[in-house]
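Text of the file final19.tsv, holding TSV, N, CA and C atoms:
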chain	number	residue	atom	x	y	z
R	71	MET	N	0.83	-1.19	0.00
R	71	MET	CA	0.00	0.00	0.00
R	71	MET	C	0.87	1.25	0.00
R	72	LYS	N	1.99	1.23	0.75
R	72	LYS	CA	2.85	2.40	0.82
R	72	LYS	C	3.38	2.77	-0.56
R	73	HIS	N	3.82	1.76	-1.31
R	73	HIS	CA	4.41	2.02	-2.61
R	73	HIS	C	3.38	2.56	-3.60
R	74	ILE	N	2.19	2.02	-3.55
R	74	ILE	CA	1.14	2.50	-4.44
R	74	ILE	C	0.80	3.94	-4.11
R	75	LYS	N	0.70	4.26	-2.83
R	75	LYS	CA	0.42	5.64	-2.43
R	75	LYS	C	1.52	6.60	-2.85
R	76	LEU	N	2.78	6.16	-2.72
R	76	LEU	CA	3.91	7.00	-3.14
R	76	LEU	C	3.87	7.27	-4.64
R	77	LEU	N	3.54	6.25	-5.42
R	77	LEU	CA	3.44	6.43	-6.86
R	77	LEU	C	2.36	7.44	-7.21
R	78	LYS	N	1.22	7.33	-6.54
R	78	LYS	CA	0.12	8.26	-6.80
R	78	LYS	C	0.48	9.69	-6.41
R	79	GLU	N	1.20	9.85	-5.29
R	79	GLU	CA	1.62	11.17	-4.86
R	79	GLU	C	2.57	11.82	-5.86
R	80	LYS	N	3.38	10.99	-6.54
R	80	LYS	CA	4.32	11.51	-7.53
R	80	LYS	C	3.72	11.56	-8.93
R	81	TRP	N	2.42	11.33	-9.03
R	81	TRP	CA	1.67	11.37	-10.29
R	81	TRP	C	2.19	10.36	-11.30
R	82	ILE	N	2.65	9.21	-10.81
R	82	ILE	CA	3.09	8.12	-11.68
R	82	ILE	C	1.91	7.17	-11.86
R	83	LYS	N	1.57	6.92	-13.12
R	83	LYS	CA	0.41	6.08	-13.40
R	83	LYS	C	0.81	4.60	-13.38
R	84	LEU	N	0.08	3.83	-12.64
R	84	LEU	CA	0.31	2.40	-12.52
R	84	LEU	C	-0.40	1.70	-13.67
R	85	LYS	N	0.34	0.92	-14.47
R	85	LYS	CA	-0.25	0.24	-15.62
R	85	LYS	C	-0.80	-1.13	-15.25
R	86	LYS	N	0.02	-1.92	-14.53
R	86	LYS	CA	-0.41	-3.27	-14.15
R	86	LYS	C	0.21	-3.62	-12.82
R	87	PHE	N	-0.55	-4.32	-12.00
R	87	PHE	CA	-0.10	-4.72	-10.67
R	87	PHE	C	-0.15	-6.23	-10.58
R	88	TYR	N	1.01	-6.85	-10.29
R	88	TYR	CA	1.10	-8.30	-10.12
R	88	TYR	C	1.21	-8.60	-8.63
R	89	GLY	N	0.52	-9.65	-8.18
R	89	GLY	CA	0.62	-10.02	-6.78
R	89	GLY	C	0.07	-11.41	-6.52
R	90	ASP	N	0.56	-12.02	-5.46
R	90	ASP	CA	0.05	-13.34	-5.10
R	90	ASP	C	-1.20	-13.19	-4.23
R	91	GLY	N	-1.64	-14.27	-3.64
R	91	GLY	CA	-2.87	-14.27	-2.87
R	91	GLY	C	-2.86	-13.34	-1.66
R	92	ALA	N	-1.68	-12.98	-1.17
R	92	ALA	CA	-1.60	-12.08	-0.02
R	92	ALA	C	-2.11	-10.68	-0.38
R	93	TYR	N	-2.10	-10.34	-1.66
R	93	TYR	CA	-2.56	-9.02	-2.11
R	93	TYR	C	-4.04	-9.00	-2.46
R	94	ASP	N	-4.73	-10.10	-2.24
R	94	ASP	CA	-6.15	-10.19	-2.55
R	94	ASP	C	-6.96	-9.53	-1.43
R	95	THR	N	-6.93	-8.20	-1.39
R	95	THR	CA	-7.68	-7.45	-0.38
R	95	THR	C	-8.43	-6.32	-1.05
R	96	ASN	N	-9.50	-5.89	-0.41
R	96	ASN	CA	-10.28	-4.76	-0.93
R	96	ASN	C	-9.43	-3.50	-1.03
R	97	GLU	N	-8.56	-3.28	-0.04
R	97	GLU	CA	-7.74	-2.07	-0.02
R	97	GLU	C	-6.80	-2.00	-1.22
R	98	ILE	N	-6.19	-3.11	-1.58
R	98	ILE	CA	-5.28	-3.12	-2.73
R	98	ILE	C	-6.05	-2.84	-4.01
R	99	PHE	N	-7.16	-3.53	-4.20
R	99	PHE	CA	-7.94	-3.32	-5.42
R	99	PHE	C	-8.45	-1.88	-5.52
R	100	ASN	N	-8.83	-1.30	-4.39
R	100	ASN	CA	-9.26	0.11	-4.41
R	100	ASN	C	-8.08	1.03	-4.73
R	101	ALA	N	-6.89	0.70	-4.22
R	101	ALA	CA	-5.72	1.55	-4.41
R	101	ALA	C	-5.23	1.54	-5.85
R	102	ILE	N	-5.26	0.38	-6.51
R	102	ILE	CA	-4.73	0.33	-7.88
R	102	ILE	C	-5.67	0.98	-8.89
R	103	GLY	N	-6.92	1.14	-8.52
R	103	GLY	CA	-7.84	1.88	-9.38
R	103	GLY	C	-8.04	1.26	-10.75
R	104	ASP	N	-7.75	2.04	-11.80
R	104	ASP	CA	-7.99	1.60	-13.17
R	104	ASP	C	-6.92	0.67	-13.73
R	105	ALA	N	-5.82	0.51	-13.04
R	105	ALA	CA	-4.72	-0.30	-13.54
R	105	ALA	C	-5.15	-1.76	-13.70
R	106	GLU	N	-4.54	-2.43	-14.67
R	106	GLU	CA	-4.80	-3.86	-14.83
R	106	GLU	C	-4.26	-4.57	-13.60
R	107	SER	N	-4.85	-5.70	-13.29
R	107	SER	CA	-4.36	-6.44	-12.13
R	107	SER	C	-4.14	-7.89	-12.49
R	108	ALA	N	-3.10	-8.46	-11.90
R	108	ALA	CA	-2.83	-9.89	-11.99
R	108	ALA	C	-2.60	-10.36	-10.57
R	109	ILE	N	-3.63	-10.21	-9.76
R	109	ILE	CA	-3.58	-10.61	-8.36
R	109	ILE	C	-4.35	-11.93	-8.24
R	110	LYS	N	-3.67	-12.94	-7.75
R	110	LYS	CA	-4.32	-14.25	-7.61
R	110	LYS	C	-5.41	-14.16	-6.56
R	111	ILE	N	-6.58	-14.57	-6.96
R	111	ILE	CA	-7.74	-14.58	-6.06
R	111	ILE	C	-7.70	-15.86	-5.24
R	112	ARG	N	-8.03	-15.76	-3.98
R	112	ARG	CA	-8.03	-16.94	-3.11
R	112	ARG	C	-9.08	-17.96	-3.57
R	113	LYS	N	-8.82	-19.22	-3.29
R	113	LYS	CA	-9.72	-20.29	-3.72
R	113	LYS	C	-11.12	-20.16	-3.13
R	114	ASN	N	-11.21	-19.69	-1.90
R	114	ASN	CA	-12.50	-19.61	-1.22
R	114	ASN	C	-13.17	-18.24	-1.39
R	115	ALA	N	-12.72	-17.44	-2.35
R	115	ALA	CA	-13.26	-16.10	-2.55
R	115	ALA	C	-14.69	-16.15	-3.07
R	116	THR	N	-15.50	-15.28	-2.53
R	116	THR	CA	-16.88	-15.13	-3.02
R	116	THR	C	-17.15	-13.65	-3.22
R	117	THR	N	-18.16	-13.35	-4.01
R	117	THR	CA	-18.51	-11.94	-4.22
R	117	THR	C	-19.26	-11.39	-3.02
R	118	TYR	N	-19.72	-12.25	-2.15
R	118	TYR	CA	-20.43	-11.82	-0.95
R	118	TYR	C	-19.52	-11.02	-0.02
R	119	ARG	N	-18.25	-11.41	0.06
R	119	ARG	CA	-17.31	-10.75	0.96
R	119	ARG	C	-16.65	-9.51	0.34
R	120	CYS	N	-17.01	-9.16	-0.86
R	120	CYS	CA	-16.37	-8.04	-1.58
R	120	CYS	C	-17.12	-6.74	-1.38
R	121	ARG	N	-17.74	-6.56	-0.28
R	121	ARG	CA	-18.58	-5.38	-0.07
R	121	ARG	C	-17.83	-4.07	-0.16
R	122	GLY	N	-16.57	-4.05	0.18
R	122	GLY	CA	-15.82	-2.80	0.21
R	122	GLY	C	-15.18	-2.43	-1.11
R	123	SER	N	-15.23	-3.30	-2.13
R	123	SER	CA	-14.53	-3.02	-3.38
R	123	SER	C	-15.29	-3.56	-4.57
R	124	ARG	N	-15.78	-2.67	-5.37
R	124	ARG	CA	-16.47	-3.07	-6.61
R	124	ARG	C	-15.47	-3.73	-7.56
R	125	ARG	N	-14.27	-3.19	-7.60
R	125	ARG	CA	-13.23	-3.72	-8.49
R	125	ARG	C	-12.87	-5.16	-8.13
R	126	ARG	N	-12.71	-5.45	-6.84
R	126	ARG	CA	-12.39	-6.82	-6.43
R	126	ARG	C	-13.53	-7.76	-6.76
R	127	ARG	N	-14.76	-7.31	-6.57
R	127	ARG	CA	-15.93	-8.12	-6.90
R	127	ARG	C	-15.90	-8.53	-8.38
R	128	GLN	N	-15.56	-7.57	-9.26
R	128	GLN	CA	-15.48	-7.88	-10.69
R	128	GLN	C	-14.38	-8.89	-10.97
R	129	GLU	N	-13.24	-8.72	-10.32
R	129	GLU	CA	-12.13	-9.65	-10.53
R	129	GLU	C	-12.44	-11.05	-10.01
R	130	VAL	N	-13.13	-11.13	-8.88
R	130	VAL	CA	-13.51	-12.44	-8.33
R	130	VAL	C	-14.47	-13.14	-9.29
R	131	ARG	N	-15.44	-12.41	-9.81
R	131	ARG	CA	-16.38	-13.02	-10.77
R	131	ARG	C	-15.66	-13.51	-12.01
R	132	LYS	N	-14.73	-12.71	-12.52
R	132	LYS	CA	-13.96	-13.11	-13.70
R	132	LYS	C	-13.14	-14.35	-13.40
R	133	TYR	N	-12.50	-14.40	-12.23
R	133	TYR	CA	-11.68	-15.54	-11.84
R	133	TYR	C	-12.52	-16.81	-11.72
R	134	ILE	N	-13.67	-16.70	-11.09
R	134	ILE	CA	-14.55	-17.87	-10.92
R	134	ILE	C	-15.07	-18.35	-12.27
R	135	LYS	N	-15.42	-17.42	-13.13
R	135	LYS	CA	-15.98	-17.77	-14.45
R	135	LYS	C	-14.95	-18.47	-15.33
R	136	LEU	N	-13.71	-17.95	-15.37
R	136	LEU	CA	-12.69	-18.49	-16.26
R	136	LEU	C	-11.97	-19.71	-15.69
R	137	GLY	N	-11.82	-19.78	-14.39
R	137	GLY	CA	-11.00	-20.82	-13.79
R	137	GLY	C	-9.55	-20.36	-13.74
R	138	TYR	N	-8.74	-21.01	-12.91
R	138	TYR	CA	-7.39	-20.53	-12.68
R	138	TYR	C	-6.53	-20.51	-13.95
R	139	LYS	N	-6.48	-21.62	-14.67
R	139	LYS	CA	-5.57	-21.72	-15.82
R	139	LYS	C	-5.89	-20.70	-16.90
R	140	THR	N	-7.13	-20.55	-17.25
R	140	THR	CA	-7.52	-19.57	-18.26
R	140	THR	C	-7.29	-18.16	-17.75
R	141	TRP	N	-7.62	-17.92	-16.49
R	141	TRP	CA	-7.40	-16.59	-15.90
R	141	TRP	C	-5.91	-16.24	-15.91
R	142	ALA	N	-5.07	-17.21	-15.53
R	142	ALA	CA	-3.62	-16.97	-15.49
R	142	ALA	C	-3.08	-16.66	-16.88
R	143	LYS	N	-3.58	-17.35	-17.89
R	143	LYS	CA	-3.14	-17.09	-19.26
R	143	LYS	C	-3.60	-15.71	-19.73
R	144	ASP	N	-4.84	-15.36	-19.44
R	144	ASP	CA	-5.39	-14.06	-19.86
R	144	ASP	C	-4.68	-12.88	-19.20
R	145	THR	N	-4.37	-13.01	-17.91
R	145	THR	CA	-3.75	-11.90	-17.18
R	145	THR	C	-2.23	-11.94	-17.24
R	146	LYS	N	-1.66	-13.01	-17.83
R	146	LYS	CA	-0.21	-13.19	-17.90
R	146	LYS	C	0.40	-13.22	-16.49
R	147	TYR	N	-0.27	-13.94	-15.62
R	147	TYR	CA	0.15	-14.05	-14.22
R	147	TYR	C	1.53	-14.67	-14.10
R	148	GLY	N	1.93	-15.53	-15.02
R	148	GLY	CA	3.23	-16.19	-14.97
R	148	GLY	C	4.41	-15.25	-15.12
R	149	LEU	N	4.21	-14.07	-15.69
R	149	LEU	CA	5.31	-13.11	-15.85
R	149	LEU	C	5.86	-12.66	-14.51
R	150	ARG	N	5.05	-12.73	-13.49
R	150	ARG	CA	5.47	-12.34	-12.15
R	150	ARG	C	6.68	-13.14	-11.70
R	151	TRP	N	6.73	-14.42	-12.07
R	151	TRP	CA	7.81	-15.29	-11.61
R	151	TRP	C	9.14	-14.94	-12.26
R	152	ALA	N	9.14	-14.37	-13.45
R	152	ALA	CA	10.40	-13.99	-14.10
R	152	ALA	C	11.12	-12.94	-13.27
R	153	ILE	N	10.38	-11.95	-12.79
R	153	ILE	CA	10.97	-10.89	-11.98
R	153	ILE	C	11.43	-11.43	-10.63
R	154	GLU	N	10.58	-12.21	-9.99
R	154	GLU	CA	10.94	-12.75	-8.68
R	154	GLU	C	12.14	-13.69	-8.77
R	155	GLY	N	12.27	-14.39	-9.90
R	155	GLY	CA	13.42	-15.27	-10.10
R	155	GLY	C	14.72	-14.49	-10.19
R	156	ILE	N	14.68	-13.34	-10.85
R	156	ILE	CA	15.88	-12.50	-10.95
R	156	ILE	C	16.28	-11.99	-9.58
R	157	PHE	N	15.32	-11.46	-8.82
R	157	PHE	CA	15.63	-10.96	-7.48
R	157	PHE	C	16.17	-12.07	-6.59
R	158	SER	N	15.61	-13.26	-6.71
R	158	SER	CA	16.08	-14.39	-5.91
R	158	SER	C	17.52	-14.74	-6.27
R	159	SER	N	17.84	-14.72	-7.55
R	159	SER	CA	19.20	-15.04	-7.99
R	159	SER	C	20.20	-13.99	-7.49
R	160	VAL	N	19.83	-12.72	-7.58
R	160	VAL	CA	20.72	-11.66	-7.11
R	160	VAL	C	20.97	-11.80	-5.61
R	161	LYS	N	19.92	-12.08	-4.84
R	161	LYS	CA	20.08	-12.26	-3.39
R	161	LYS	C	20.98	-13.46	-3.08
R	162	ARG	N	20.81	-14.54	-3.86
R	162	ARG	CA	21.61	-15.74	-3.62
R	162	ARG	C	23.09	-15.49	-3.90
R	163	LYS	N	23.38	-14.73	-4.95
R	163	LYS	CA	24.78	-14.46	-5.32
R	163	LYS	C	25.44	-13.42	-4.42
R	164	PHE	N	24.72	-12.35	-4.09
R	164	PHE	CA	25.34	-11.21	-3.41
R	164	PHE	C	24.82	-10.96	-1.99
R	165	GLY	N	23.85	-11.73	-1.55
R	165	GLY	CA	23.29	-11.54	-0.22
R	165	GLY	C	22.14	-10.54	-0.22
R	166	GLU	N	21.37	-10.57	0.85
R	166	GLU	CA	20.19	-9.71	0.95
R	166	GLU	C	20.51	-8.33	1.50
R	167	ASP	N	21.65	-8.18	2.14
R	167	ASP	CA	21.96	-6.95	2.84
R	167	ASP	C	22.66	-5.94	1.95
R	168	LEU	N	22.40	-4.67	2.23
R	168	LEU	CA	23.13	-3.57	1.62
R	168	LEU	C	23.95	-2.92	2.72
R	169	ARG	N	25.14	-2.47	2.40
R	169	ARG	CA	26.02	-1.91	3.42
R	169	ARG	C	26.04	-0.39	3.45
R	170	ALA	N	25.55	0.23	2.41
R	170	ALA	CA	25.54	1.69	2.36
R	170	ALA	C	24.59	2.24	3.42
R	171	ARG	N	24.79	3.50	3.79
R	171	ARG	CA	23.95	4.11	4.83
R	171	ARG	C	23.05	5.21	4.30
R	172	SER	N	23.50	5.92	3.29
R	172	SER	CA	22.67	7.01	2.77
R	172	SER	C	21.69	6.46	1.73
R	173	PRO	N	20.55	7.11	1.54
R	173	PRO	CA	19.59	6.65	0.53
R	173	PRO	C	20.19	6.58	-0.87
R	174	ILE	N	21.01	7.55	-1.23
R	174	ILE	CA	21.64	7.53	-2.55
R	174	ILE	C	22.61	6.36	-2.65
R	175	GLY	N	23.36	6.11	-1.59
R	175	GLY	CA	24.28	4.98	-1.57
R	175	GLY	C	23.57	3.64	-1.66
R	176	LEU	N	22.44	3.52	-0.99
R	176	LEU	CA	21.65	2.29	-1.05
R	176	LEU	C	21.19	2.01	-2.46
R	177	ILE	N	20.69	3.05	-3.13
R	177	ILE	CA	20.21	2.88	-4.51
R	177	ILE	C	21.38	2.50	-5.42
R	178	ALA	N	22.51	3.19	-5.25
R	178	ALA	CA	23.68	2.90	-6.08
R	178	ALA	C	24.17	1.46	-5.87
R	179	GLU	N	24.20	1.02	-4.63
R	179	GLU	CA	24.66	-0.34	-4.34
R	179	GLU	C	23.72	-1.38	-4.94
R	180	ALA	N	22.42	-1.16	-4.81
R	180	ALA	CA	21.45	-2.10	-5.38
R	180	ALA	C	21.57	-2.13	-6.91
R	181	MET	N	21.75	-0.96	-7.51
R	181	MET	CA	21.90	-0.91	-8.98
R	181	MET	C	23.18	-1.62	-9.42
R	182	GLN	N	24.25	-1.49	-8.64
R	182	GLN	CA	25.50	-2.18	-8.97
R	182	GLN	C	25.33	-3.69	-8.91
R	183	LYS	N	24.62	-4.17	-7.90
R	183	LYS	CA	24.39	-5.61	-7.80
R	183	LYS	C	23.59	-6.12	-9.00
R	184	MET	N	22.58	-5.37	-9.39
R	184	MET	CA	21.78	-5.79	-10.55
R	184	MET	C	22.63	-5.74	-11.83
R	185	TRP	N	23.46	-4.71	-11.97
R	185	TRP	CA	24.31	-4.57	-13.15
R	185	TRP	C	25.30	-5.72	-13.23
R	186	ILE	N	25.94	-6.04	-12.09
R	186	ILE	CA	26.92	-7.13	-12.08
R	186	ILE	C	26.23	-8.45	-12.42
R	187	TYR	N	25.05	-8.68	-11.87
R	187	TYR	CA	24.31	-9.91	-12.18
R	187	TYR	C	24.01	-9.98	-13.68
R	188	ASP	N	23.58	-8.87	-14.26
R	188	ASP	CA	23.28	-8.82	-15.68
R	188	ASP	C	24.53	-9.12	-16.51
R	189	GLU	N	25.66	-8.59	-16.10
R	189	GLU	CA	26.93	-8.86	-16.80
R	189	GLU	C	27.29	-10.35	-16.71
R	190	MET	N	27.09	-10.94	-15.54
R	190	MET	CA	27.38	-12.37	-15.36
R	190	MET	C	26.50	-13.22	-16.27
R	191	VAL	N	25.22	-12.88	-16.34
R	191	VAL	CA	24.29	-13.65	-17.17
R	191	VAL	C	24.65	-13.51	-18.65
R	192	SER	N	24.95	-12.28	-19.09
R	192	SER	CA	25.29	-12.09	-20.50
R	192	SER	C	26.62	-12.77	-20.84
R	193	TYR	N	27.58	-12.76	-19.92
R	193	TYR	CA	28.84	-13.47	-20.14
R	193	TYR	C	28.58	-14.97	-20.28
R	194	GLY	N	27.75	-15.51	-19.41
R	194	GLY	CA	27.42	-16.92	-19.48
R	194	GLY	C	26.73	-17.29	-20.78
R	195	ARG	N	25.82	-16.47	-21.23
R	195	ARG	CA	25.12	-16.73	-22.50
R	195	ARG	C	26.10	-16.67	-23.67
R	196	ASN	N	26.96	-15.65	-23.66
R	196	ASN	CA	27.92	-15.51	-24.77
R	196	ASN	C	28.91	-16.67	-24.79
R	197	SER	N	29.35	-17.13	-23.65
R	197	SER	CA	30.30	-18.25	-23.62
R	197	SER	C	29.62	-19.55	-24.06
R	198	MET	N	28.34	-19.69	-23.74
R	198	MET	CA	27.60	-20.88	-24.18
R	198	MET	C	27.43	-20.86	-25.69
R	199	LEU	N	27.16	-19.70	-26.25
R	199	LEU	CA	26.97	-19.60	-27.70
R	199	LEU	C	28.26	-19.84	-28.46
R	200	SER	N	29.40	-19.44	-27.88
R	200	SER	CA	30.68	-19.61	-28.57
R	200	SER	C	31.11	-21.08	-28.59
R	201	THR	N	30.63	-21.89	-27.66
R	201	THR	CA	31.01	-23.31	-27.65
R	201	THR	C	30.15	-24.15	-28.58
R	202	ILE	N	29.05	-23.59	-29.04
R	202	ILE	CA	28.14	-24.36	-29.90
R	202	ILE	C	28.60	-24.37	-31.31

This entry written out as structure tokens:
Amino acid sequence: MKHIKLLKEKWIKLKKFYGDGAYDTNEIFNAIGDAESAIKIRKNATTYRCRGSRRRRQEVRKYIKLGYKTWAKDTKYGLRWAIEGIFSSVKRKFGEDLRARSPIGLIAEAMQKMWIYDEMVSYGRNSMLSTI
């Protein structure tokens, strides 16, 4: 919720929001507004409990009507795992902690870790292609 509010305060328009079942709340659906959503609806979800969010009610009906597999294909829910896989790999290689203390330093350190990971991946791809 904090990040969505910060984006709105900075007048940044949210295009699509991906989330697992933990994000299946009325507050999140109300916060994302018109943006597309790929939030997994809980298995026991009903439209009866959606009193606080018209948007969530619509998404629950769509999810129930289509079923999980069709819904996941339509919303491209699987793309979420590509991003999470990258973050998981970076954490595994370089650790979860940042050592910088200033906000600018934290951002720079995180960007460096992502850049180094990207260089490692591209080096690995290029070396694999040269052996073929």

Quiz item: If you count only N, CA and C atoms, which residues fall within 6.5 Å of stretch 116-126 of chain R, apart from same-chain ones fewer than 6 positions away, as a list of chain:residue names?
Solution: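 In the requested form, the answer reads R:Asn96, R:Phe99, R:Asn100.
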
Practice problem: For stretch 84-92 of chain R, list every protein, DNA or RNA residue within 6 Å, evaluated using only N, CA and C atoms, and leave out those in the same chain fewer than 2 positions away; present the list as a ChimeraX atom specification. | Solution: /R:82,94-95,105-112

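Atom CA of R:Phe157 sits 21.9 Å away from atom CA of R:Ser172.
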
Quiz item: Hey, which of R:Gly148, R:Ile74, R:Ala115, R:Ala180 ends up closest to R:Ile102? Count only N, CA and C atoms.
Solution: R:Ile74

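Backbone DSSP over chain R gives strand (DSSP E) for R:Lys86, R:Phe87, R:Tyr88, R:Gly89, R:Glu106, R:Ser107, R:Ala108, R:Ile109.
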
Exercise. Return as JSON, numbers by chain the full set of residues in chain R whose backbone-based DSSP assignment is alpha helix (DSSP H).
Key: {"R": [72, 73, 74, 75, 76, 77, 78, 79, 96, 97, 98, 99, 100, 101, 102, 124, 125, 126, 127, 128, 129, 130, 131, 132, 133, 134, 135, 136, 138, 139, 140, 141, 142, 143, 144, 145, 149, 150, 151, 152, 153, 154, 155, 156, 157, 158, 159, 160, 161, 162, 163, 164, 173, 174, 175, 176, 177, 178, 179, 180, 181, 182, 183, 184, 185, 186, 187, 188, 189, 190, 191, 192, 193, 194, 195, 196, 197, 198, 199, 200, 201]}

Quiz item: So what do you get for atom C of R:Met71 versus atom N of R:Gly165, distance-wise?
Solution: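 Those two atoms sit 26.4 Å apart.
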
Practice problem: May I ask for the distance between atom CA of R:Lys143 and atom CA of R:Val160, given in Å to one decimal place? | Solution: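 Value for the atom CA of R:Lys143-atom CA of R:Val160 distance: 27.3 Å.
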
Quiz prompt | Among the residues R:Tyr187, R:Met198, R:Ile177, R:Ala142, the one that comes closest to R:Ser159 [using all atoms listed in the file] | solution = R:Tyr187
